[in-house]
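Below is one structure, written out as structure tokens; comments come after it.
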Amino acid sequence: MTHKIDQLNSFFNIESKTISISESNQEARVAHSRIRRTAAPLFLVLLFTQGCSTAGEHDDRTEEPPIVPMEYVVFQAQALTLDRMFDEGDPEEIFANTRSEEAEDYLHNRGVITAIDNELSVETEISAWDDGFGSMTEISSGFDDVLRDNEVTWCGDTKSGKDFVADYIDLYWESFDTFEEYKEDLSEYVDCNSEANI
């Protein structure tokens with residue numbers, strides 16, 4: 001009899017613990033559910049706030065001005081300088097003074113030098129030049145050779161066309177934000193109306 005009572009007590013103790021554990025699990029599930037219901041709106045608030053903050057930062061950013069390649073400024077200076085040399089002297093004589101026999105061909109073949117009614121002229125719009133493979137290398141080489149071997153005589157001290165262009169780059173590179181501003185300033189420089197020529 002005593003043995004049966006001990007078995008019953010043992011059974012009720014186990015059941016009591018089971019009920020206690022079940023109640024604890026139930027409470028834990030309820031608490032977890034409450035946390036989830038609370039966390040979900042909080043997450044949405046944080047997400048919305050972050051989105052607004054990011055959008056505001058995007059609106060406040062200012063766009064950087066486009067970068068003007070130095071190569072284009074140099075080409076424009078070379079073209080305007082050679083064009084003025086043609087106005088000041090005889091184009092045929094200018095090429096005769098040039099030691100490189102390829103310089104004229106490079107510039108002519110790439111559309112920098114044009115011949116109209118047997119008269120040579122310089123195309124000063126870079127966009128009109130041939131931009132095919134290797135063209136910029138040939139144009140650069142042609143300009144370097146011609147301007148190195150011919151002089152700027154109309155603006156202050158006589159100097160080679162190559163030095164004349166180099167002086168402009170040294171003085172005015174990074175002075176302007178757009179290519180159009182460089183073109184306008186270069187026109188004044190080549191015509192000897194710039195402060196650098198005074």
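Chain identifiers are assigned as A, B, and so on, following the order in which chains appear in the structure tokens; residues are numbered from 1 within each chain, and ligands are numbered from 1 in order of appearance.
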
Next on the checklist: Env of A:Lys183: 12 Å cut, atoms = only C-alpha atoms, seq-sep filter 6 positions within chain, self excluded. Answer as JSON, numbers by chain.
Outcome noted: {"A": [68, 72, 73, 74, 75, 76, 77, 78, 79, 80, 124, 125, 126, 172, 176, 177, 189, 190]}

Mind dumping the selected residues with C-alpha atoms as an mmCIF file, in the first residue's frame?
data_model
loop_
_atom_site.group_PDB
_atom_site.id
_atom_site.type_symbol
_atom_site.label_atom_id
_atom_site.label_comp_id
_atom_site.auth_asym_id
_atom_site.auth_seq_id
_atom_site.Cartn_x
_atom_site.Cartn_y
_atom_site.Cartn_z
ATOM 1 C CA VAL A 68 37.799 68.863 -69.254
ATOM 2 C CA TYR A 72 41.506 68.717 -75.736
ATOM 3 C CA VAL A 73 42.729 72.056 -74.408
ATOM 4 C CA VAL A 74 46.189 71.424 -75.842
ATOM 5 C CA PHE A 75 44.727 70.443 -79.229
ATOM 6 C CA GLN A 76 42.594 73.584 -79.283
ATOM 7 C CA ALA A 77 45.590 75.756 -78.448
ATOM 8 C CA GLN A 78 47.676 74.069 -81.152
ATOM 9 C CA ALA A 79 44.956 74.404 -83.785
ATOM 10 C CA LEU A 80 44.347 78.096 -83.075
ATOM 11 C CA THR A 124 39.808 74.504 -85.506
ATOM 12 C CA GLU A 125 36.763 72.479 -84.465
ATOM 13 C CA ILE A 126 38.086 69.304 -82.850
ATOM 14 C CA TYR A 172 45.834 78.667 -67.330
ATOM 15 C CA PHE A 176 38.056 77.056 -66.202
ATOM 16 C CA ASP A 177 35.327 74.474 -65.736
ATOM 17 C CA TYR A 189 45.495 84.404 -75.932
ATOM 18 C CA VAL A 190 46.363 83.571 -79.547
#

Item to check | Shell of 7 Å around stretch 111-122 of chain A, only C-alpha atoms, local chain residues under 2 positions omitted, as a ChimeraX atom specification | outcome: /A:79,83,91,107-109,124,129-130

Next on the checklist: Please determine, counting only C-alpha atoms, which residue among A:Asp157, A:Glu71, A:Glu180, A:Asp191 has the shortest atom-to-atom distance to A:Ile139.
Outcome noted: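 Of the candidates, the smallest distance to A:Ile139 is held by A:Glu71.
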
Next on the checklist: Among stretch 113-180 of chain A, which ones does DSSP assign to strand (DSSP E or B) (computed from the backbone)? Answer as a VMD selection string.
Outcome noted: chain A and resid 113 to 116 119 to 122 151 to 152 159 to 160

Next on the checklist: Between A:Phe164, A:Phe86, A:Tyr106, A:Trp154, which residue has the minimum interatomic distance to A:Thr137, considering only C-alpha atoms?
Outcome noted: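 For A:Thr137, the nearest of the given residues is A:Tyr106.
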